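So this block is input18.cif, mmCIF, C-alpha atoms:
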```cif
data_protein
#
loop_
_atom_site.label_atom_id
_atom_site.label_comp_id
_atom_site.auth_asym_id
_atom_site.auth_seq_id
_atom_site.Cartn_x
_atom_site.Cartn_y
_atom_site.Cartn_z
CA ASP A 1 11.24 -6.43 -5.83
CA GLN A 2 9.17 -9.28 -7.25
CA GLN A 3 9.30 -12.19 -4.84
CA VAL A 4 6.92 -14.28 -6.92
CA LYS A 5 7.44 -14.34 -10.67
CA GLN A 6 5.40 -15.76 -13.50
CA ASN A 7 7.64 -15.20 -16.47
CA SER A 8 5.18 -16.19 -19.20
CA PRO A 9 2.51 -13.53 -19.68
CA SER A 10 0.57 -15.91 -21.92
CA LEU A 11 0.41 -19.54 -23.01
CA SER A 12 -1.55 -21.16 -25.82
CA VAL A 13 -2.37 -24.90 -25.67
CA GLN A 14 -4.42 -27.23 -27.83
CA GLU A 15 -7.57 -28.64 -26.28
CA GLY A 16 -6.91 -32.08 -24.81
CA ARG A 17 -3.19 -31.48 -24.32
CA ILE A 18 -1.35 -30.71 -21.10
CA SER A 19 -1.01 -27.10 -19.92
CA ILE A 20 1.98 -26.31 -17.74
CA LEU A 21 2.11 -22.99 -15.93
CA ASN A 22 5.26 -22.00 -14.11
CA CYS A 23 6.04 -19.86 -11.11
CA ASP A 24 9.36 -18.95 -9.46
CA TYR A 25 9.93 -17.40 -6.06
CA THR A 26 12.90 -15.87 -4.35
CA ASN A 27 12.12 -16.11 -0.65
CA SER A 28 13.01 -19.47 0.91
CA MET A 29 10.82 -18.61 3.92
CA PHE A 30 7.64 -19.06 1.88
CA ASP A 31 5.90 -22.15 3.22
CA TYR A 32 2.55 -22.31 1.46
CA PHE A 33 1.61 -21.76 -2.17
CA LEU A 34 -1.68 -21.34 -3.96
CA TRP A 35 -2.98 -21.10 -7.50
CA TYR A 36 -5.97 -18.96 -8.39
CA LYS A 37 -7.83 -18.68 -11.67
CA LYS A 38 -9.46 -15.50 -12.91
CA TYR A 39 -12.03 -15.03 -15.64
CA PRO A 40 -12.66 -11.54 -17.11
CA ALA A 41 -14.92 -9.35 -14.95
CA GLU A 42 -14.80 -11.86 -12.09
CA GLY A 43 -12.69 -12.15 -8.98
CA PRO A 44 -9.97 -14.79 -8.67
CA THR A 45 -11.16 -18.22 -7.57
CA PHE A 46 -9.07 -20.70 -5.61
CA LEU A 47 -7.82 -23.68 -7.58
CA ILE A 48 -5.28 -25.69 -5.63
CA SER A 49 -2.62 -25.26 -2.96
CA ILE A 50 0.50 -26.96 -1.66
CA SER A 51 2.44 -26.84 1.57
CA SER A 52 6.22 -26.68 1.48
CA ILE A 53 6.42 -30.04 3.24
CA LYS A 54 5.04 -31.69 0.10
CA ASP A 55 6.31 -31.81 -3.46
CA LYS A 56 3.05 -32.64 -5.19
CA ASN A 57 -0.66 -32.11 -4.73
CA GLU A 58 -3.33 -33.38 -7.06
CA ASP A 59 -6.99 -32.50 -7.48
CA GLY A 60 -8.71 -34.01 -10.49
CA ARG A 61 -7.21 -32.57 -13.65
CA PHE A 62 -5.00 -30.18 -11.68
CA THR A 63 -1.63 -31.04 -10.17
CA VAL A 64 0.81 -28.67 -8.52
CA PHE A 65 4.47 -29.58 -8.22
CA LEU A 66 6.89 -27.86 -5.85
CA ASN A 67 10.67 -27.93 -6.23
CA LYS A 68 12.01 -26.19 -3.14
CA SER A 69 15.66 -26.40 -4.09
CA ALA A 70 14.90 -24.58 -7.36
CA LYS A 71 12.30 -22.32 -5.73
CA HIS A 72 9.94 -23.29 -8.49
CA LEU A 73 6.40 -24.52 -8.71
CA SER A 74 4.27 -25.53 -11.63
CA LEU A 75 0.61 -26.18 -12.28
CA HIS A 76 -0.28 -28.98 -14.67
CA ILE A 77 -3.73 -29.19 -16.23
CA VAL A 78 -4.51 -32.36 -18.09
CA PRO A 79 -6.44 -32.67 -20.28
CA SER A 80 -6.90 -28.98 -21.03
CA GLN A 81 -10.46 -27.87 -21.74
CA PRO A 82 -11.85 -24.66 -23.31
CA GLY A 83 -13.23 -23.59 -19.91
CA ASP A 84 -9.67 -23.52 -18.59
CA SER A 85 -8.96 -20.38 -20.63
CA ALA A 86 -8.34 -17.77 -17.94
CA VAL A 87 -5.57 -15.90 -16.16
CA TYR A 88 -3.76 -18.04 -13.60
CA PHE A 89 -2.07 -16.49 -10.58
CA CYS A 90 0.49 -18.10 -8.34
CA ALA A 91 0.62 -16.82 -4.75
CA ALA A 92 2.85 -17.55 -1.77
CA ARG A 93 2.37 -17.08 1.94
CA GLY A 94 4.69 -14.39 3.18
CA GLN A 95 6.52 -14.20 6.46
CA SER A 96 3.28 -13.32 8.18
CA ASN A 97 0.43 -15.81 8.13
CA TYR A 98 -2.10 -13.34 6.76
CA GLN A 99 -0.35 -12.00 3.69
CA LEU A 100 -0.21 -13.50 0.21
CA ILE A 101 2.42 -12.42 -2.31
CA TRP A 102 1.13 -12.78 -5.86
CA GLY A 103 2.71 -13.22 -9.25
CA ALA A 104 1.63 -11.13 -12.24
CA GLY A 105 -0.37 -13.96 -13.78
CA THR A 106 -0.26 -16.07 -16.94
CA LYS A 107 -3.07 -15.90 -19.48
CA LEU A 108 -3.88 -19.43 -20.65
CA ILE A 109 -5.65 -19.82 -23.99
CA ILE A 110 -7.02 -23.24 -24.89
CA LYS A 111 -7.42 -23.63 -28.65
CA PRO A 112 -10.17 -25.92 -29.98
CA GLU B 1 -25.09 -18.89 0.23
CA THR B 2 -24.34 -15.40 -1.12
CA GLY B 3 -20.90 -14.69 -2.48
CA VAL B 4 -18.66 -11.67 -1.99
CA THR B 5 -20.10 -8.50 -3.47
CA GLN B 6 -18.34 -5.20 -4.04
CA SER B 7 -19.70 -1.77 -4.82
CA PRO B 8 -19.48 0.27 -6.86
CA THR B 9 -18.30 -1.61 -9.93
CA HIS B 10 -16.62 1.39 -11.48
CA LEU B 11 -15.66 4.77 -10.10
CA ILE B 12 -14.01 7.88 -11.52
CA LYS B 13 -12.41 10.40 -9.20
CA THR B 14 -10.02 13.31 -9.53
CA ARG B 15 -6.65 13.68 -7.87
CA GLY B 16 -6.90 14.82 -4.26
CA GLN B 17 -10.40 13.48 -3.69
CA GLN B 18 -11.41 10.76 -1.25
CA VAL B 19 -13.12 7.47 -2.07
CA THR B 20 -14.91 4.71 -0.15
CA LEU B 21 -15.23 1.21 -1.56
CA ARG B 22 -17.55 -1.38 -0.02
CA CYS B 23 -17.45 -5.14 0.36
CA SER B 24 -20.00 -7.63 1.66
CA SER B 25 -18.44 -10.84 2.90
CA GLN B 26 -19.61 -14.30 2.06
CA SER B 27 -22.09 -15.54 4.64
CA GLY B 28 -20.36 -16.80 7.79
CA HIS B 29 -16.94 -15.34 6.96
CA ASN B 30 -15.28 -13.23 9.65
CA THR B 31 -12.15 -12.09 7.79
CA VAL B 32 -11.81 -9.62 4.93
CA SER B 33 -8.65 -8.85 2.97
CA TRP B 34 -8.25 -5.98 0.52
CA TYR B 35 -5.97 -6.00 -2.52
CA GLN B 36 -4.92 -3.49 -5.16
CA GLN B 37 -4.35 -4.86 -8.66
CA ALA B 38 -2.67 -2.53 -11.12
CA LEU B 39 -2.91 -3.27 -14.83
CA GLY B 40 -0.76 -6.23 -15.84
CA GLN B 41 0.20 -7.08 -12.26
CA GLY B 42 -0.96 -9.45 -9.58
CA PRO B 43 -2.98 -8.35 -6.57
CA GLN B 44 -1.03 -6.51 -3.86
CA PHE B 45 -2.11 -6.97 -0.26
CA ILE B 46 -3.35 -3.76 1.38
CA PHE B 47 -4.65 -4.98 4.74
CA GLN B 48 -6.79 -7.56 6.46
CA TYR B 49 -9.57 -7.25 9.02
CA TYR B 50 -10.49 -10.01 11.41
CA ARG B 51 -13.49 -9.61 13.68
CA GLU B 52 -13.53 -5.83 13.22
CA GLU B 53 -9.85 -5.27 13.94
CA GLU B 54 -6.97 -4.72 11.53
CA ASN B 55 -4.98 -7.94 11.55
CA GLY B 56 -2.15 -7.00 9.23
CA ARG B 57 -1.08 -4.46 6.67
CA GLY B 58 0.94 -4.44 3.47
CA ASN B 59 3.22 -1.72 2.17
CA PHE B 60 0.58 0.98 1.70
CA PRO B 61 0.58 4.52 3.17
CA PRO B 62 -1.78 5.57 5.99
CA ARG B 63 -4.11 7.34 3.55
CA PHE B 64 -5.37 3.82 2.82
CA SER B 65 -7.61 2.91 5.74
CA GLY B 66 -10.38 0.47 6.40
CA LEU B 67 -13.20 -0.65 8.60
CA GLN B 68 -14.96 -3.90 9.31
CA PHE B 69 -18.48 -3.84 10.70
CA PRO B 70 -20.21 -6.23 13.13
CA ASN B 71 -21.83 -8.05 10.19
CA TYR B 72 -18.26 -8.48 8.80
CA SER B 73 -18.84 -6.28 5.78
CA SER B 74 -15.98 -3.89 5.15
CA GLU B 75 -14.95 -0.56 3.68
CA LEU B 76 -11.73 0.62 2.10
CA ASN B 77 -11.13 4.37 2.27
CA VAL B 78 -8.48 6.17 0.28
CA ASN B 79 -7.73 9.82 0.99
CA ALA B 80 -5.87 12.35 -1.14
CA LEU B 81 -6.14 10.23 -4.27
CA GLU B 82 -3.13 10.06 -6.56
CA LEU B 83 -2.99 9.08 -10.22
CA ASP B 84 -1.17 5.85 -9.29
CA ASP B 85 -4.15 4.77 -7.19
CA SER B 86 -5.92 3.91 -10.44
CA ALA B 87 -6.39 0.15 -10.22
CA LEU B 88 -8.81 -2.71 -9.62
CA TYR B 89 -9.53 -3.07 -5.91
CA LEU B 90 -10.42 -6.56 -4.80
CA CYS B 91 -11.79 -7.75 -1.52
CA ALA B 92 -11.72 -11.34 -0.36
CA SER B 93 -13.46 -12.96 2.55
CA SER B 94 -12.47 -16.08 4.43
CA LEU B 95 -13.33 -18.02 7.53
CA GLY B 96 -10.34 -17.23 9.71
CA ARG B 97 -7.29 -15.09 9.11
CA GLU B 98 -4.74 -17.71 8.09
CA THR B 99 -3.72 -17.58 4.44
CA SER B 100 -4.23 -21.32 4.25
CA ASN B 101 -7.95 -20.59 4.56
CA ILE B 102 -9.46 -20.23 1.13
CA GLN B 103 -10.15 -16.62 0.20
CA TYR B 104 -13.28 -15.89 -1.84
CA PHE B 105 -13.03 -12.81 -4.00
CA GLY B 106 -15.48 -10.27 -5.23
CA ALA B 107 -15.37 -9.04 -8.82
CA GLY B 108 -13.67 -5.83 -7.75
CA THR B 109 -14.11 -2.08 -8.06
CA ARG B 110 -12.34 -0.39 -10.95
CA LEU B 111 -11.09 3.01 -9.75
CA SER B 112 -9.86 5.59 -12.22
CA VAL B 113 -8.14 8.71 -10.88
CA LEU B 114 -7.90 11.60 -13.34
#
```
Let me see the file written as structure tokens.
Amino acid sequence: DQQVKQNSPSLSVQEGRISILNCDYTNSMFDYFLWYKKYPAEGPTFLISISSIKDKNEDGRFTVFLNKSAKHLSLHIVPSQPGDSAVYFCAARGQSNYQLIWGAGTKLIIKP
Amino acid sequence: ETGVTQSPTHLIKTRGQQVTLRCSSQSGHNTVSWYQQALGQGPQFIFQYYREEENGRGNFPPRFSGLQFPNYSSELNVNALELDDSALYLCASSLGRETSNIQYFGAGTRLSVL
């Protein structure tokens, strides 16, 4: 039972263009969402988060959009840079405040 | 400021054996969470320790157990290993137990069960 889904295992984007990574969830009780980035042989690192009371949060080149009615969030990276090539995970806060439910990840490849 | 470190990096065990994985928290962090990441999947929450006590647990059997020490480092113990326990085990430390607190991850321990 996957409560958080990232349906695109991989995404290839030209350097300088916008990267859009998508995430869907099934549980309407989720109230906090996070994006993490993971390079090979390293642990995930926190990127950006959003509370369910907002529909957008921006941090430099990274913007997360939340559409609660569609149970969908997306991460926009603009402009995309070679260092952005990594696996991106979407995670949601479960019904307890300590547990994160993670998607399977999307591998982003930025082409020069 | 030292980051989160995990040991060992890789480990090979046979079915039925027991294993202990170790995690040193980032300086000043009092909360450690452990995750299992199978190949091609996202991390799955195992449990969390806050100030030396288990604060919450995911859907894992009792043969997965843990400890947190006074210096906030932590251990994950798995008894009676099964083939499906083969995975990357990640620990993350944070200041406080709320998931809104940023979790800082180690690079993980790759466990192979033969």
Please report as a PDB file with C-alpha atoms, in the frame of the given file which residues of chain A come no farther than 8 Å from chain B, using all atoms listed in the file.
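Dumped everything to part-v1.pdb:
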```
ATOM      1  CA  TYR A  32       2.550 -22.310   1.460  1.00  0.00           C
ATOM      2  CA  ALA A  41     -14.920  -9.350 -14.950  1.00  0.00           C
ATOM      3  CA  GLU A  42     -14.800 -11.860 -12.090  1.00  0.00           C
ATOM      4  CA  GLY A  43     -12.690 -12.150  -8.980  1.00  0.00           C
ATOM      5  CA  PRO A  44      -9.970 -14.790  -8.670  1.00  0.00           C
ATOM      6  CA  THR A  45     -11.160 -18.220  -7.570  1.00  0.00           C
ATOM      7  CA  PHE A  46      -9.070 -20.700  -5.610  1.00  0.00           C
ATOM      8  CA  PHE A  89      -2.070 -16.490 -10.580  1.00  0.00           C
ATOM      9  CA  ARG A  93       2.370 -17.080   1.940  1.00  0.00           C
ATOM     10  CA  ASN A  97       0.430 -15.810   8.130  1.00  0.00           C
ATOM     11  CA  TYR A  98      -2.100 -13.340   6.760  1.00  0.00           C
ATOM     12  CA  GLN A  99      -0.350 -12.000   3.690  1.00  0.00           C
ATOM     13  CA  LEU A 100      -0.210 -13.500   0.210  1.00  0.00           C
ATOM     14  CA  ILE A 101       2.420 -12.420  -2.310  1.00  0.00           C
ATOM     15  CA  TRP A 102       1.130 -12.780  -5.860  1.00  0.00           C
ATOM     16  CA  GLY A 103       2.710 -13.220  -9.250  1.00  0.00           C
ATOM     17  CA  ALA A 104       1.630 -11.130 -12.240  1.00  0.00           C
ATOM     18  CA  GLY A 105      -0.370 -13.960 -13.780  1.00  0.00           C
TER      19      GLY A 105
END
```
(message) Can you translate the PyMOL selection byres ((chain B and resi 64) around 12) into the concrete residues it hits in this file, as a PyMOL selection string?
(response) chain B and resi 18-21+34-36+45-47+57-63+65-67+75-82+85+89
Taking 2 positions as the minimum chain separation for residues in the same chain, which residues sit within 10 Å of Gly60 in chain A when counting all atoms listed in the file? Answer as a PDB file with C-alpha atoms, in the frame of the given file.
```pdb
ATOM      1  CA  GLU A  58      -3.330 -33.380  -7.060  1.00  0.00           C
ATOM      2  CA  PHE A  62      -5.000 -30.180 -11.680  1.00  0.00           C
ATOM      3  CA  THR A  63      -1.630 -31.040 -10.170  1.00  0.00           C
ATOM      4  CA  ILE A  77      -3.730 -29.190 -16.230  1.00  0.00           C
ATOM      5  CA  VAL A  78      -4.510 -32.360 -18.090  1.00  0.00           C
TER       6      VAL A  78
END
```
(message) Taking 4 positions as the minimum chain separation for residues in the same chain, which residues sit within 10 Å of Thr106 in chain A when counting all atoms listed in the file? Answer as number ranges by chain.
(response) A: 6-11, 21-23, 37, 86-90; B: 40, 42
(request) Around the point (-0.7, -26.0, -2.5), in the coordinates given by the file, pick out the residues reaching within 9 Å, counting all atoms listed in the file, and return them as an NGL selection string. (result) (:A and (32-35 or 48-52 or 54 or 56-57 or 64-66)) or (:B and (100))
(request) Pick out the residues sitting within 7 Å of Asp24 in chain A, and hand them over as a PyMOL selection string; count all atoms listed in the file, and ignore anything fewer than 5 positions along from it in its own chain. (result) chain A and resi 4-6+71-73
Could you write out that same residue set with C-alpha atoms as a PDB file, in the frame of the given file?
```pdb
ATOM      1  CA  VAL A   4       6.920 -14.280  -6.920  1.00  0.00           C
ATOM      2  CA  LYS A   5       7.440 -14.340 -10.670  1.00  0.00           C
ATOM      3  CA  GLN A   6       5.400 -15.760 -13.500  1.00  0.00           C
ATOM      4  CA  LYS A  71      12.300 -22.320  -5.730  1.00  0.00           C
ATOM      5  CA  HIS A  72       9.940 -23.290  -8.490  1.00  0.00           C
ATOM      6  CA  LEU A  73       6.400 -24.520  -8.710  1.00  0.00           C
TER       7      LEU A  73
END
```
(message) as a VMD selection string, please: the residues near range 81-85 of chain A (cut-off 8 Å, only C-alpha atoms, same-chain neighbours under 5 positions excluded).
(response) chain A and resid 15 to 16 39 107 to 112
(message) So that I can see what lies close to Cys23 in chain B, please list as a VMD selection string the residues with an atom at most 6 Å from it, counting all atoms listed in the file and leaving out residues fewer than 6 positions away in the same chain.
(response) chain B and resid 5 to 6 73 to 74
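Relative to CA of Arg110 in chain B, CA of Thr31 in chain B is found at 22.1 Å.
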(request) Would you work out the distance separating CA of Ser94 in chain B from CA of Gly28 in chain B, expressed in Å to one decimal? (result)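 If I compute the distance from CA of Ser94 in chain B to CA of Gly28 in chain B, I get 8.6 Å.
For the pair CA of Pro70 in chain B and CA of Gln17 in chain B, the separation is 27.7 Å.
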